[in-house]
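S.K.: The structure follows.
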Amino acid sequence: MLPGIACAGLLGLAAAAAPPGFGIFGGGYTTTYVAVTDKYTYGSDAVASGAALGTARYVLAAVGNATVGIFGGGYTTTYVAVTDKYTYGSDAVASGTALGTARYYLAAAGNATVGIFGGGSAGSNSAVTDKYTYGSDAVASGAALGTARYVLAAVGNATVGIFGGGYTTTYVAVTDKYTYGSDSRASGTALGTARYGLAAAGNATIGIFGGGYTTTYVAVTDKYTYGSDAVASGTALGTARRYLAAAGNATIGVFGGGTTGSNSPVTDKYTYGSDAVASGTALGTARQELAASSSSPGGF
(Lines give C-alpha, C1' and ligand atoms only; values in the text may rest on other atoms or scores of the structure.)
Protein backbone atom coordinates (compact mmCIF):
# COMPACT_ATOMS: atom_id res chain seq x y z
CA MET A 1 0.00 0.00 0.00
CA LEU A 2 1.29 3.47 -0.85
CA PRO A 3 2.34 5.57 2.18
CA GLY A 4 -0.05 8.35 1.25
CA ILE A 5 -2.98 5.96 1.15
CA ALA A 6 -2.07 4.41 4.48
CA CYS A 7 -1.76 7.84 6.04
CA ALA A 8 -5.12 8.95 4.69
CA GLY A 9 -6.71 5.81 6.11
CA LEU A 10 -5.25 6.41 9.54
CA LEU A 11 -6.35 10.03 9.48
CA GLY A 12 -9.83 8.92 8.50
CA LEU A 13 -9.98 6.53 11.44
CA ALA A 14 -8.75 9.21 13.81
CA ALA A 15 -11.34 11.68 12.55
CA ALA A 16 -14.11 9.11 12.89
CA ALA A 17 -13.11 8.40 16.50
CA ALA A 18 -13.69 11.98 17.66
CA PRO A 19 -17.30 12.71 18.66
CA PRO A 20 -18.47 15.30 16.12
CA GLY A 21 -20.27 18.56 16.68
CA PHE A 22 -21.10 20.75 19.64
CA GLY A 23 -23.90 21.65 21.98
CA ILE A 24 -25.27 25.14 22.59
CA PHE A 25 -26.29 25.75 26.20
CA GLY A 26 -28.41 28.91 26.26
CA GLY A 27 -30.34 31.21 28.56
CA GLY A 28 -30.93 30.45 32.23
CA TYR A 29 -30.74 32.16 35.58
CA THR A 30 -27.77 33.49 37.57
CA THR A 31 -29.04 36.26 39.85
CA THR A 32 -31.28 37.30 36.97
CA TYR A 33 -32.36 35.83 33.66
CA VAL A 34 -29.65 35.81 31.00
CA ALA A 35 -29.19 35.47 27.23
CA VAL A 36 -25.69 33.96 27.39
CA THR A 37 -24.76 30.83 25.44
CA ASP A 38 -21.92 28.35 25.85
CA LYS A 39 -20.67 26.24 22.93
CA TYR A 40 -19.46 22.83 24.10
CA THR A 41 -17.36 20.94 21.50
CA TYR A 42 -17.74 17.21 22.12
CA GLY A 43 -14.47 16.04 20.57
CA SER A 44 -12.17 18.38 22.47
CA ASP A 45 -14.31 19.19 25.54
CA ALA A 46 -13.63 22.84 24.75
CA VAL A 47 -16.10 25.49 25.91
CA ALA A 48 -16.38 28.86 24.20
CA SER A 49 -18.87 31.72 24.25
CA GLY A 50 -21.60 31.52 21.64
CA ALA A 51 -23.89 34.25 20.31
CA ALA A 52 -26.33 35.64 22.87
CA LEU A 53 -29.98 34.77 22.49
CA GLY A 54 -32.25 37.56 21.34
CA THR A 55 -34.31 37.49 24.55
CA ALA A 56 -32.81 36.90 27.98
CA ARG A 57 -34.94 34.36 29.85
CA TYR A 58 -34.91 31.21 31.90
CA VAL A 59 -36.87 27.93 32.18
CA LEU A 60 -36.99 27.68 28.38
CA ALA A 61 -36.59 24.60 26.13
CA ALA A 62 -34.52 23.88 23.01
CA VAL A 63 -34.46 21.46 20.08
CA GLY A 64 -33.07 21.50 16.55
CA ASN A 65 -31.46 19.74 13.62
CA ALA A 66 -27.92 19.80 12.22
CA THR A 67 -28.31 23.38 10.99
CA VAL A 68 -30.31 25.31 13.59
CA GLY A 69 -31.40 25.13 17.20
CA ILE A 70 -34.70 26.63 18.32
CA PHE A 71 -34.83 28.02 21.86
CA GLY A 72 -38.47 28.55 22.84
CA GLY A 73 -40.71 29.72 25.64
CA GLY A 74 -39.53 30.60 29.13
CA TYR A 75 -39.96 33.40 31.62
CA THR A 76 -38.75 37.00 31.99
CA THR A 77 -41.14 39.00 34.16
CA THR A 78 -43.94 36.98 32.58
CA TYR A 79 -44.46 33.81 30.56
CA VAL A 80 -43.18 34.17 26.99
CA ALA A 81 -43.78 32.40 23.67
CA VAL A 82 -40.71 33.89 21.97
CA THR A 83 -38.28 31.71 20.00
CA ASP A 84 -34.66 32.30 19.01
CA LYS A 85 -33.17 30.49 16.01
CA TYR A 86 -29.48 29.72 16.49
CA THR A 87 -27.62 28.92 13.24
CA TYR A 88 -24.67 26.73 14.21
CA GLY A 89 -22.43 27.37 11.21
CA SER A 90 -22.34 31.14 11.61
CA ASP A 91 -23.22 31.50 15.30
CA ALA A 92 -26.01 33.82 14.19
CA VAL A 93 -29.18 34.30 16.22
CA ALA A 94 -32.44 35.48 14.69
CA SER A 95 -36.02 35.68 15.87
CA GLY A 96 -38.14 32.63 15.14
CA THR A 97 -41.91 32.24 15.10
CA ALA A 98 -43.59 32.49 18.49
CA LEU A 99 -44.99 29.35 20.06
CA GLY A 100 -48.76 29.05 20.17
CA THR A 101 -48.85 29.17 23.97
CA ALA A 102 -46.61 31.26 26.22
CA ARG A 103 -45.32 29.14 29.10
CA TYR A 104 -42.28 28.13 31.12
CA TYR A 105 -40.71 24.89 32.39
CA LEU A 106 -41.54 23.13 29.11
CA ALA A 107 -39.49 20.49 27.26
CA ALA A 108 -38.68 19.77 23.61
CA ALA A 109 -37.70 16.88 21.33
CA GLY A 110 -37.69 16.51 17.55
CA ASN A 111 -36.16 15.18 14.37
CA ALA A 112 -34.48 16.73 11.32
CA THR A 113 -37.69 18.46 10.22
CA VAL A 114 -39.74 19.41 13.28
CA GLY A 115 -39.39 20.11 16.98
CA ILE A 116 -42.15 19.44 19.51
CA PHE A 117 -42.36 21.80 22.49
CA GLY A 118 -44.53 20.15 25.15
CA GLY A 119 -45.89 20.63 28.63
CA GLY A 120 -44.97 23.51 30.91
CA SER A 121 -46.97 25.96 32.95
CA ALA A 122 -48.58 29.36 32.53
CA GLY A 123 -50.01 29.50 36.04
CA SER A 124 -51.49 26.01 35.74
CA ASN A 125 -50.01 22.78 34.42
CA SER A 126 -50.18 22.40 30.65
CA ALA A 127 -50.41 19.41 28.29
CA VAL A 128 -50.09 21.64 25.20
CA THR A 129 -47.62 20.90 22.41
CA ASP A 130 -46.39 23.22 19.67
CA LYS A 131 -44.89 21.76 16.48
CA TYR A 132 -42.11 23.94 15.01
CA THR A 133 -41.10 23.23 11.40
CA TYR A 134 -37.51 24.40 11.01
CA GLY A 135 -37.48 24.98 7.24
CA SER A 136 -40.52 27.25 7.12
CA ASP A 137 -40.57 28.57 10.70
CA ALA A 138 -44.20 27.47 10.87
CA VAL A 139 -45.75 26.71 14.25
CA ALA A 140 -48.85 24.54 14.61
CA SER A 141 -50.66 22.82 17.45
CA GLY A 142 -49.62 19.25 18.14
CA ALA A 143 -51.27 16.42 20.05
CA ALA A 144 -51.66 17.10 23.77
CA LEU A 145 -49.54 15.15 26.23
CA GLY A 146 -51.38 12.58 28.31
CA THR A 147 -50.46 14.23 31.61
CA ALA A 148 -50.41 18.00 32.09
CA ARG A 149 -47.20 18.84 33.92
CA TYR A 150 -44.16 21.09 34.02
CA VAL A 151 -40.44 20.84 34.83
CA LEU A 152 -40.21 17.74 32.61
CA ALA A 153 -37.55 16.64 30.08
CA ALA A 154 -37.64 15.25 26.55
CA VAL A 155 -35.45 13.28 24.14
CA GLY A 156 -36.07 11.23 21.01
CA ASN A 157 -34.98 9.79 17.70
CA ALA A 158 -36.11 10.38 14.12
CA THR A 159 -39.54 8.88 14.76
CA VAL A 160 -40.60 9.53 18.36
CA GLY A 161 -39.98 11.89 21.25
CA ILE A 162 -40.22 10.77 24.88
CA PHE A 163 -41.45 13.38 27.36
CA GLY A 164 -40.60 12.17 30.86
CA GLY A 165 -40.85 13.08 34.51
CA GLY A 166 -42.04 16.45 35.78
CA TYR A 167 -44.38 17.85 38.37
CA THR A 168 -48.18 17.81 38.69
CA THR A 169 -49.09 18.18 42.36
CA THR A 170 -46.06 16.01 43.10
CA TYR A 171 -43.07 14.71 41.17
CA VAL A 172 -43.93 12.00 38.64
CA ALA A 173 -42.28 9.23 36.59
CA VAL A 174 -44.83 9.28 33.75
CA THR A 175 -43.70 9.36 30.10
CA ASP A 176 -45.50 10.32 26.89
CA LYS A 177 -44.36 8.93 23.53
CA TYR A 178 -44.98 11.43 20.71
CA THR A 179 -44.85 10.13 17.11
CA TYR A 180 -43.89 13.04 14.86
CA GLY A 181 -45.22 11.73 11.56
CA SER A 182 -48.77 11.15 12.76
CA ASP A 183 -48.90 13.65 15.64
CA SER A 184 -50.11 10.82 17.85
CA ARG A 185 -49.37 10.35 21.53
CA ALA A 186 -49.28 7.21 23.62
CA SER A 187 -48.24 6.40 27.16
CA GLY A 188 -44.63 5.27 27.50
CA THR A 189 -42.95 3.28 30.24
CA ALA A 190 -42.54 5.08 33.56
CA LEU A 191 -39.07 6.24 34.53
CA GLY A 192 -37.39 4.32 37.32
CA THR A 193 -37.32 7.37 39.58
CA ALA A 194 -40.13 9.93 39.80
CA ARG A 195 -38.63 13.42 39.76
CA TYR A 196 -38.70 16.88 38.25
CA GLY A 197 -36.11 19.41 37.07
CA LEU A 198 -34.26 16.71 35.11
CA ALA A 199 -32.65 16.78 31.63
CA ALA A 200 -32.33 14.31 28.76
CA ALA A 201 -30.05 13.46 25.82
CA GLY A 202 -29.70 10.38 23.64
CA ASN A 203 -29.03 8.73 20.31
CA ALA A 204 -31.15 6.82 17.78
CA THR A 205 -31.67 3.88 20.16
CA ILE A 206 -31.81 5.22 23.72
CA GLY A 207 -32.50 8.34 25.72
CA ILE A 208 -30.83 9.14 29.03
CA PHE A 209 -32.88 11.05 31.61
CA GLY A 210 -30.52 12.46 34.23
CA GLY A 211 -30.50 14.47 37.43
CA GLY A 212 -33.49 16.26 38.96
CA TYR A 213 -35.17 16.59 42.32
CA THR A 214 -37.37 14.42 44.55
CA THR A 215 -37.09 15.50 48.17
CA THR A 216 -33.44 16.22 47.46
CA TYR A 217 -31.13 16.72 44.50
CA VAL A 218 -30.46 13.47 42.64
CA ALA A 219 -27.79 12.20 40.23
CA VAL A 220 -29.82 9.19 39.06
CA THR A 221 -30.18 8.36 35.36
CA ASP A 222 -32.81 6.29 33.53
CA LYS A 223 -32.06 4.70 30.16
CA TYR A 224 -35.13 4.60 27.88
CA THR A 225 -34.93 2.24 24.86
CA TYR A 226 -37.28 3.58 22.17
CA GLY A 227 -37.84 0.35 20.27
CA SER A 228 -38.95 -1.74 23.23
CA ASP A 229 -40.08 0.99 25.64
CA ALA A 230 -37.82 -0.61 28.24
CA VAL A 231 -36.43 1.50 31.07
CA ALA A 232 -33.29 0.54 32.98
CA SER A 233 -31.03 2.28 35.47
CA GLY A 234 -28.07 4.10 33.98
CA THR A 235 -24.88 5.34 35.61
CA ALA A 236 -25.32 8.20 38.07
CA LEU A 237 -24.11 11.65 37.07
CA GLY A 238 -21.05 12.94 38.85
CA THR A 239 -22.97 15.75 40.56
CA ALA A 240 -26.54 15.57 41.88
CA ARG A 241 -28.48 18.64 40.78
CA ARG A 242 -31.72 19.95 39.28
CA TYR A 243 -32.66 22.46 36.56
CA LEU A 244 -29.79 21.32 34.32
CA ALA A 245 -29.79 20.92 30.51
CA ALA A 246 -28.40 18.30 28.13
CA ALA A 247 -27.24 18.01 24.51
CA GLY A 248 -25.26 15.38 22.67
CA ASN A 249 -24.51 13.40 19.54
CA ALA A 250 -24.72 9.71 18.62
CA THR A 251 -21.98 8.77 21.10
CA ILE A 252 -22.21 11.02 24.15
CA GLY A 253 -24.56 13.30 26.03
CA VAL A 254 -23.35 16.32 27.98
CA PHE A 255 -25.39 17.30 31.05
CA GLY A 256 -24.56 20.88 32.03
CA GLY A 257 -25.40 23.58 34.53
CA GLY A 258 -28.14 23.34 37.14
CA THR A 259 -28.23 23.98 40.85
CA THR A 260 -27.46 22.20 44.09
CA GLY A 261 -28.58 25.17 46.14
CA SER A 262 -26.17 27.42 44.28
CA ASN A 263 -25.74 27.80 40.53
CA SER A 264 -23.43 25.27 38.91
CA PRO A 265 -21.26 25.31 35.74
CA VAL A 266 -20.55 21.56 36.09
CA THR A 267 -20.85 19.21 33.12
CA ASP A 268 -21.08 15.42 33.08
CA LYS A 269 -20.28 13.48 29.91
CA TYR A 270 -22.35 10.31 29.50
CA THR A 271 -21.08 7.72 26.96
CA TYR A 272 -24.09 5.72 25.78
CA GLY A 273 -22.29 2.59 24.65
CA SER A 274 -20.45 1.93 27.90
CA ASP A 275 -22.65 3.84 30.37
CA ALA A 276 -19.50 5.60 31.53
CA VAL A 277 -19.76 9.04 33.13
CA ALA A 278 -16.84 11.46 33.26
CA SER A 279 -16.41 15.10 34.19
CA GLY A 280 -16.56 17.50 31.30
CA THR A 281 -15.38 21.09 30.99
CA ALA A 282 -17.27 23.63 33.06
CA LEU A 283 -19.61 26.01 31.29
CA GLY A 284 -18.48 29.61 31.09
CA THR A 285 -21.38 30.88 33.20
CA ALA A 286 -22.72 29.03 36.24
CA ARG A 287 -26.49 28.99 35.97
CA GLN A 288 -29.66 26.98 36.30
CA GLU A 289 -32.91 26.66 34.31
CA LEU A 290 -31.11 26.79 30.96
CA ALA A 291 -31.72 24.81 27.73
CA ALA A 292 -29.49 23.08 25.17
CA SER A 293 -29.49 21.96 21.53
CA SER A 294 -26.93 20.13 19.38
CA SER A 295 -25.31 20.66 15.98
CA SER A 296 -25.04 16.88 15.54
CA PRO A 297 -28.22 15.50 17.12
CA GLY A 298 -27.66 11.96 18.25
CA GLY A 299 -31.19 10.76 17.63
CA PHE A 300 -31.20 11.04 13.84
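Chains: A, B, ... in order of the C-alpha coordinates. Residues: from 1 per chain. Ligands: from 1, in order shown.
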Applying 12 Å and only C-alpha atoms, which residues near Tyr42 of chain A remain after dropping the ones on its own chain fewer than 6 positions away? List them as a PyMOL selection string.
M.R.: chain A and resi 17-24+48+247-255+267-271+280-281+294-298
S.K.: Could you pull the residues within 8 Å of Thr179 of chain A, counting only C-alpha atoms, minus those fewer than 2 positions along the same chain, as a list in words?
M.R.: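 Surrounding residues, per the criterion: Thr159, Val160, Gly161, Lys177, Gly181, Ser182, Asp183, Ser184 and Arg185 of chain A.
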S.K.: If you measure from atom CA of Thr189 of chain A to atom CA of Thr101 of chain A, what distance in Å do you get, rounded to one decimal?
M.R.: 27.3 Å
S.K.: At a cut-off of 6 Å, using only C-alpha atoms, what residues contact segment 53-62 of chain A? Leave out same-chain residues fewer than 3 positions from it and give the result as JSON, numbers by chain.
M.R.: {"A": [27, 28, 29, 33, 34, 35, 70, 71, 72, 73, 74, 75, 76, 104, 105, 106, 107, 108, 289, 290, 291, 292, 293]}
S.K.: Any chance you could export the current selection's N, CA, C and O atoms as a JSON list (two decimals), in the first residue's frame?
M.R.:
```json
[["chain", "number", "residue", "atom", "x", "y", "z"],
["A", 27, "GLY", "N", -29.40, 30.64, 27.62],
["A", 27, "GLY", "CA", -30.34, 31.21, 28.56],
["A", 27, "GLY", "C", -30.06, 30.73, 29.97],
["A", 27, "GLY", "O", -28.99, 30.21, 30.28],
["A", 28, "GLY", "N", -31.04, 30.90, 30.86],
["A", 28, "GLY", "CA", -30.93, 30.45, 32.23],
["A", 28, "GLY", "C", -30.96, 31.58, 33.25],
["A", 28, "GLY", "O", -31.30, 32.73, 32.91],
["A", 29, "TYR", "N", -30.63, 31.22, 34.46],
["A", 29, "TYR", "CA", -30.74, 32.16, 35.58],
["A", 29, "TYR", "C", -29.46, 32.13, 36.42],
["A", 29, "TYR", "O", -28.98, 31.07, 36.81],
["A", 33, "TYR", "N", -32.29, 36.61, 34.90],
["A", 33, "TYR", "CA", -32.36, 35.83, 33.66],
["A", 33, "TYR", "C", -31.34, 36.37, 32.65],
["A", 33, "TYR", "O", -31.09, 37.57, 32.57],
["A", 34, "VAL", "N", -30.76, 35.45, 31.87],
["A", 34, "VAL", "CA", -29.65, 35.81, 31.00],
["A", 34, "VAL", "C", -29.89, 35.29, 29.58],
["A", 34, "VAL", "O", -30.70, 34.38, 29.36],
["A", 35, "ALA", "N", -29.14, 35.87, 28.64],
["A", 35, "ALA", "CA", -29.19, 35.47, 27.23],
["A", 35, "ALA", "C", -27.93, 34.74, 26.80],
["A", 35, "ALA", "O", -27.81, 34.34, 25.64],
["A", 70, "ILE", "N", -33.62, 25.73, 17.96],
["A", 70, "ILE", "CA", -34.70, 26.63, 18.32],
["A", 70, "ILE", "C", -34.85, 26.65, 19.84],
["A", 70, "ILE", "O", -35.10, 25.62, 20.47],
["A", 71, "PHE", "N", -34.66, 27.83, 20.42],
["A", 71, "PHE", "CA", -34.83, 28.02, 21.86],
["A", 71, "PHE", "C", -36.18, 28.71, 22.07],
["A", 71, "PHE", "O", -36.40, 29.82, 21.55],
["A", 72, "GLY", "N", -37.11, 28.05, 22.78],
["A", 72, "GLY", "CA", -38.47, 28.55, 22.84],
["A", 72, "GLY", "C", -39.07, 28.61, 24.22],
["A", 72, "GLY", "O", -38.75, 27.81, 25.11],
["A", 73, "GLY", "N", -40.00, 29.56, 24.39],
["A", 73, "GLY", "CA", -40.71, 29.72, 25.64],
["A", 73, "GLY", "C", -39.83, 30.26, 26.74],
["A", 73, "GLY", "O", -38.74, 30.80, 26.49],
["A", 74, "GLY", "N", -40.30, 30.14, 27.98],
["A", 74, "GLY", "CA", -39.53, 30.60, 29.13],
["A", 74, "GLY", "C", -40.22, 31.70, 29.90],
["A", 74, "GLY", "O", -41.43, 31.94, 29.77],
["A", 75, "TYR", "N", -39.43, 32.38, 30.70],
["A", 75, "TYR", "CA", -39.96, 33.40, 31.62],
["A", 75, "TYR", "C", -38.98, 34.56, 31.73],
["A", 75, "TYR", "O", -37.77, 34.37, 31.81],
["A", 76, "THR", "N", -39.54, 35.78, 31.73],
["A", 76, "THR", "CA", -38.75, 37.00, 31.99],
["A", 76, "THR", "C", -39.36, 37.62, 33.26],
["A", 76, "THR", "O", -39.03, 37.23, 34.36],
["A", 104, "TYR", "N", -43.64, 28.44, 30.67],
["A", 104, "TYR", "CA", -42.28, 28.13, 31.12],
["A", 104, "TYR", "C", -42.20, 26.70, 31.61],
["A", 104, "TYR", "O", -43.21, 25.99, 31.68],
["A", 105, "TYR", "N", -40.96, 26.26, 31.92],
["A", 105, "TYR", "CA", -40.71, 24.89, 32.39],
["A", 105, "TYR", "C", -41.27, 23.84, 31.44],
["A", 105, "TYR", "O", -41.80, 22.81, 31.86],
["A", 106, "LEU", "N", -41.13, 24.08, 30.14],
["A", 106, "LEU", "CA", -41.54, 23.13, 29.11],
["A", 106, "LEU", "C", -40.34, 22.29, 28.69],
["A", 106, "LEU", "O", -39.23, 22.48, 29.17],
["A", 107, "ALA", "N", -40.56, 21.34, 27.78],
["A", 107, "ALA", "CA", -39.49, 20.49, 27.26],
["A", 107, "ALA", "C", -39.66, 20.36, 25.76],
["A", 107, "ALA", "O", -40.73, 20.67, 25.21],
["A", 108, "ALA", "N", -38.60, 19.89, 25.06],
["A", 108, "ALA", "CA", -38.68, 19.77, 23.61],
["A", 108, "ALA", "C", -37.87, 18.60, 23.09],
["A", 108, "ALA", "O", -36.80, 18.28, 23.62],
["A", 289, "GLU", "N", -31.70, 26.40, 35.10],
["A", 289, "GLU", "CA", -32.91, 26.66, 34.31],
["A", 289, "GLU", "C", -32.58, 27.14, 32.91],
["A", 289, "GLU", "O", -33.22, 28.03, 32.36],
["A", 290, "LEU", "N", -31.56, 26.52, 32.31],
["A", 290, "LEU", "CA", -31.11, 26.79, 30.96],
["A", 290, "LEU", "C", -31.65, 25.72, 30.02],
["A", 290, "LEU", "O", -32.37, 24.81, 30.44],
["A", 291, "ALA", "N", -31.32, 25.80, 28.73],
["A", 291, "ALA", "CA", -31.72, 24.81, 27.73],
["A", 291, "ALA", "C", -30.54, 24.55, 26.81],
["A", 291, "ALA", "O", -29.58, 25.31, 26.77],
["A", 292, "ALA", "N", -30.60, 23.44, 26.05],
["A", 292, "ALA", "CA", -29.49, 23.08, 25.17],
["A", 292, "ALA", "C", -29.98, 22.40, 23.91],
["A", 292, "ALA", "O", -30.98, 21.68, 23.92],
["A", 293, "SER", "N", -29.27, 22.65, 22.80],
["A", 293, "SER", "CA", -29.49, 21.96, 21.53],
["A", 293, "SER", "C", -28.15, 21.55, 20.95],
["A", 293, "SER", "O", -27.11, 22.00, 21.43]]
```
S.K.: Write out as a ChimeraX atom specification which residues come within 12 Å of Tyr178 of chain A when counting only C-alpha atoms, dropping same-chain ones fewer than 3 positions away.
M.R.: /A:108-111,115-118,129-131,142-146,154-164,175,181-188,226
S.K.: Have a look at atom CA of Tyr88 of chain A and atom CA of Ala102 of chain A and let me know their distance in Å, one decimal.
M.R.: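 Between atom CA of Tyr88 of chain A and atom CA of Ala102 of chain A the gap is 25.4 Å.
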S.K.: Find the residue from A:Tyr217, A:Tyr272, A:Tyr150, A:Tyr171 that sits nearest to Thr235 of chain A; use only C-alpha atoms when measuring.
M.R.: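 Ranking A:Tyr217, A:Tyr272, A:Tyr150, A:Tyr171 by distance to Thr235 of chain A, first place goes to A:Tyr272.
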S.K.: Which distance in Å separates atom CA of Gly299 of chain A and atom CA of Asn65 of chain A, to one decimal?
M.R.: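 Going from atom CA of Gly299 of chain A over to atom CA of Asn65 of chain A covers 9.8 Å.
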S.K.: DSSP on the backbone, strand (DSSP E) only: what residues of segment 21-267 of chain A does that give? Format it as JSON, numbers by chain.
M.R.: {"A": [22, 23, 24, 25, 26, 37, 38, 39, 40, 41, 46, 47, 48, 49, 61, 62, 63, 64, 68, 69, 70, 71, 72, 83, 84, 85, 86, 87, 92, 93, 94, 95, 107, 108, 109, 110, 114, 115, 116, 117, 118, 129, 130, 131, 132, 133, 138, 139, 140, 141, 153, 154, 155, 156, 160, 161, 162, 163, 164, 175, 176, 177, 178, 179, 184, 185, 186, 187, 199, 200, 201, 202, 206, 207, 208, 209, 210, 221, 222, 223, 224, 225, 230, 231, 232, 233, 245, 246, 247, 248, 252, 253, 254, 255, 256, 267]}
S.K.: If you count only C-alpha atoms, which residues fall within 8 Å of Ala51 of chain A, apart from same-chain ones fewer than 3 positions away, as a PDB file with all heavy atoms, in the first residue's frame?
M.R.:
```pdb
ATOM      1  N   VAL A  36     -26.992  34.540  27.699  1.00  0.00           N
ATOM      2  CA  VAL A  36     -25.687  33.960  27.395  1.00  0.00           C
ATOM      3  C   VAL A  36     -25.810  32.558  26.816  1.00  0.00           C
ATOM      4  O   VAL A  36     -26.734  31.816  27.138  1.00  0.00           O
ATOM      5  CB  VAL A  36     -24.816  33.944  28.673  1.00  0.00           C
ATOM      6  CG1 VAL A  36     -25.388  33.006  29.726  1.00  0.00           C
ATOM      7  CG2 VAL A  36     -23.383  33.608  28.371  1.00  0.00           C
ATOM      8  N   THR A  37     -24.879  32.202  25.927  1.00  0.00           N
ATOM      9  CA  THR A  37     -24.765  30.828  25.440  1.00  0.00           C
ATOM     10  C   THR A  37     -23.329  30.341  25.574  1.00  0.00           C
ATOM     11  O   THR A  37     -22.380  31.116  25.468  1.00  0.00           O
ATOM     12  CB  THR A  37     -25.204  30.666  23.967  1.00  0.00           C
ATOM     13  OG1 THR A  37     -24.277  31.317  23.105  1.00  0.00           O
ATOM     14  CG2 THR A  37     -26.600  31.203  23.727  1.00  0.00           C
ATOM     15  N   ASP A  91     -22.937  30.973  13.965  1.00  0.00           N
ATOM     16  CA  ASP A  91     -23.218  31.505  15.303  1.00  0.00           C
ATOM     17  C   ASP A  91     -24.096  32.745  15.241  1.00  0.00           C
ATOM     18  O   ASP A  91     -23.930  33.705  15.997  1.00  0.00           O
ATOM     19  CB  ASP A  91     -21.930  31.804  16.075  1.00  0.00           C
ATOM     20  CG  ASP A  91     -21.201  30.541  16.494  1.00  0.00           C
ATOM     21  OD1 ASP A  91     -21.834  29.673  17.119  1.00  0.00           O
ATOM     22  OD2 ASP A  91     -20.006  30.404  16.185  1.00  0.00           O
ATOM     23  N   ALA A  92     -25.060  32.721  14.321  1.00  0.00           N
ATOM     24  CA  ALA A  92     -26.010  33.821  14.189  1.00  0.00           C
ATOM     25  C   ALA A  92     -27.299  33.474  14.912  1.00  0.00           C
ATOM     26  O   ALA A  92     -27.741  32.322  14.911  1.00  0.00           O
ATOM     27  CB  ALA A  92     -26.301  34.085  12.716  1.00  0.00           C
ATOM     28  N   VAL A  93     -27.903  34.468  15.541  1.00  0.00           N
ATOM     29  CA  VAL A  93     -29.182  34.298  16.225  1.00  0.00           C
ATOM     30  C   VAL A  93     -30.205  35.237  15.602  1.00  0.00           C
ATOM     31  O   VAL A  93     -29.939  36.427  15.431  1.00  0.00           O
ATOM     32  CB  VAL A  93     -29.060  34.576  17.738  1.00  0.00           C
ATOM     33  CG1 VAL A  93     -30.422  34.548  18.412  1.00  0.00           C
ATOM     34  CG2 VAL A  93     -28.117  33.573  18.392  1.00  0.00           C
TER      35      VAL A  93
END
```
S.K.: Write out as a VMD selection string which residues come within 8 Å of Gly96 of chain A when counting only C-alpha atoms, dropping same-chain ones fewer than 6 positions away.
M.R.: chain A and resid 70 82 to 85 137
S.K.: For those residues, write all heavy atoms to a file as a PDB file, in the first residue's frame.
M.R.:
```
ATOM      1  N   ILE A  70     -33.615  25.725  17.960  1.00  0.00           N
ATOM      2  CA  ILE A  70     -34.705  26.628  18.316  1.00  0.00           C
ATOM      3  C   ILE A  70     -34.848  26.646  19.835  1.00  0.00           C
ATOM      4  O   ILE A  70     -35.103  25.616  20.468  1.00  0.00           O
ATOM      5  CB  ILE A  70     -36.044  26.190  17.678  1.00  0.00           C
ATOM      6  CG1 ILE A  70     -35.908  26.041  16.156  1.00  0.00           C
ATOM      7  CG2 ILE A  70     -37.155  27.178  18.042  1.00  0.00           C
ATOM      8  CD1 ILE A  70     -35.592  27.314  15.417  1.00  0.00           C
ATOM      9  N   VAL A  82     -41.775  33.523  22.900  1.00  0.00           N
ATOM     10  CA  VAL A  82     -40.708  33.886  21.967  1.00  0.00           C
ATOM     11  C   VAL A  82     -39.811  32.695  21.630  1.00  0.00           C
ATOM     12  O   VAL A  82     -39.600  31.810  22.454  1.00  0.00           O
ATOM     13  CB  VAL A  82     -39.866  35.044  22.549  1.00  0.00           C
ATOM     14  CG1 VAL A  82     -39.098  34.606  23.790  1.00  0.00           C
ATOM     15  CG2 VAL A  82     -38.938  35.647  21.530  1.00  0.00           C
ATOM     16  N   THR A  83     -39.303  32.682  20.394  1.00  0.00           N
ATOM     17  CA  THR A  83     -38.284  31.706  20.004  1.00  0.00           C
ATOM     18  C   THR A  83     -37.082  32.423  19.394  1.00  0.00           C
ATOM     19  O   THR A  83     -37.225  33.462  18.752  1.00  0.00           O
ATOM     20  CB  THR A  83     -38.804  30.664  18.991  1.00  0.00           C
ATOM     21  OG1 THR A  83     -39.093  31.294  17.743  1.00  0.00           O
ATOM     22  CG2 THR A  83     -40.038  29.941  19.506  1.00  0.00           C
ATOM     23  N   ASP A  84     -35.916  31.852  19.625  1.00  0.00           N
ATOM     24  CA  ASP A  84     -34.665  32.299  19.007  1.00  0.00           C
ATOM     25  C   ASP A  84     -34.128  31.164  18.156  1.00  0.00           C
ATOM     26  O   ASP A  84     -34.074  30.013  18.606  1.00  0.00           O
ATOM     27  CB  ASP A  84     -33.622  32.665  20.068  1.00  0.00           C
ATOM     28  CG  ASP A  84     -33.959  33.934  20.820  1.00  0.00           C
ATOM     29  OD1 ASP A  84     -34.082  34.977  20.167  1.00  0.00           O
ATOM     30  OD2 ASP A  84     -34.106  33.865  22.053  1.00  0.00           O
ATOM     31  N   LYS A  85     -33.728  31.476  16.943  1.00  0.00           N
ATOM     32  CA  LYS A  85     -33.174  30.488  16.007  1.00  0.00           C
ATOM     33  C   LYS A  85     -31.660  30.674  15.953  1.00  0.00           C
ATOM     34  O   LYS A  85     -31.158  31.704  15.494  1.00  0.00           O
ATOM     35  CB  LYS A  85     -33.792  30.670  14.627  1.00  0.00           C
ATOM     36  CG  LYS A  85     -33.291  29.684  13.590  1.00  0.00           C
ATOM     37  CD  LYS A  85     -33.838  30.000  12.192  1.00  0.00           C
ATOM     38  CE  LYS A  85     -35.004  29.146  11.846  1.00  0.00           C
ATOM     39  NZ  LYS A  85     -35.398  29.240  10.439  1.00  0.00           N
ATOM     40  N   ASP A 137     -40.272  27.830   9.457  1.00  0.00           N
ATOM     41  CA  ASP A 137     -40.570  28.567  10.697  1.00  0.00           C
ATOM     42  C   ASP A 137     -42.067  28.603  10.995  1.00  0.00           C
ATOM     43  O   ASP A 137     -42.564  29.554  11.608  1.00  0.00           O
ATOM     44  CB  ASP A 137     -39.997  29.986  10.656  1.00  0.00           C
ATOM     45  CG  ASP A 137     -38.483  29.994  10.691  1.00  0.00           C
ATOM     46  OD1 ASP A 137     -37.910  29.372  11.594  1.00  0.00           O
ATOM     47  OD2 ASP A 137     -37.864  30.610   9.802  1.00  0.00           O
TER      48      ASP A 137
END
```
S.K.: Do you know which residues are at most 10 Å from Gly257 of chain A counting only C-alpha atoms, after dropping those on the same chain fewer than 5 positions away, and could you put them as a PyMOL selection string?
M.R.: chain A and resi 25+28+241-246+263-268+282-291
S.K.: Looking at only C-alpha atoms, which of A:Ala232, A:Val114, A:Ala122, A:Ala81 is the one that sits closest to Val220 of chain A?
M.R.: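 Of A:Ala232, A:Val114, A:Ala122, A:Ala81, the one nearest Val220 of chain A, counting only C-alpha atoms, is A:Ala232.
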S.K.: Pick out the closest residue to Val139 of chain A from this set: A:Ala98, A:Val174, A:Ala112, A:Leu152. Count only C-alpha atoms.
M.R.: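 Closest to Val139 of chain A of all the choices is A:Ala98.
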S.K.: Select, from A:Ala127, A:Val80, A:Ala153, A:Ala194, the residue with the minimum atom-to-atom distance to Ile208 of chain A, counting only C-alpha atoms.
M.R.: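 Among the listed residues, A:Ala153 lies closest to Ile208 of chain A.
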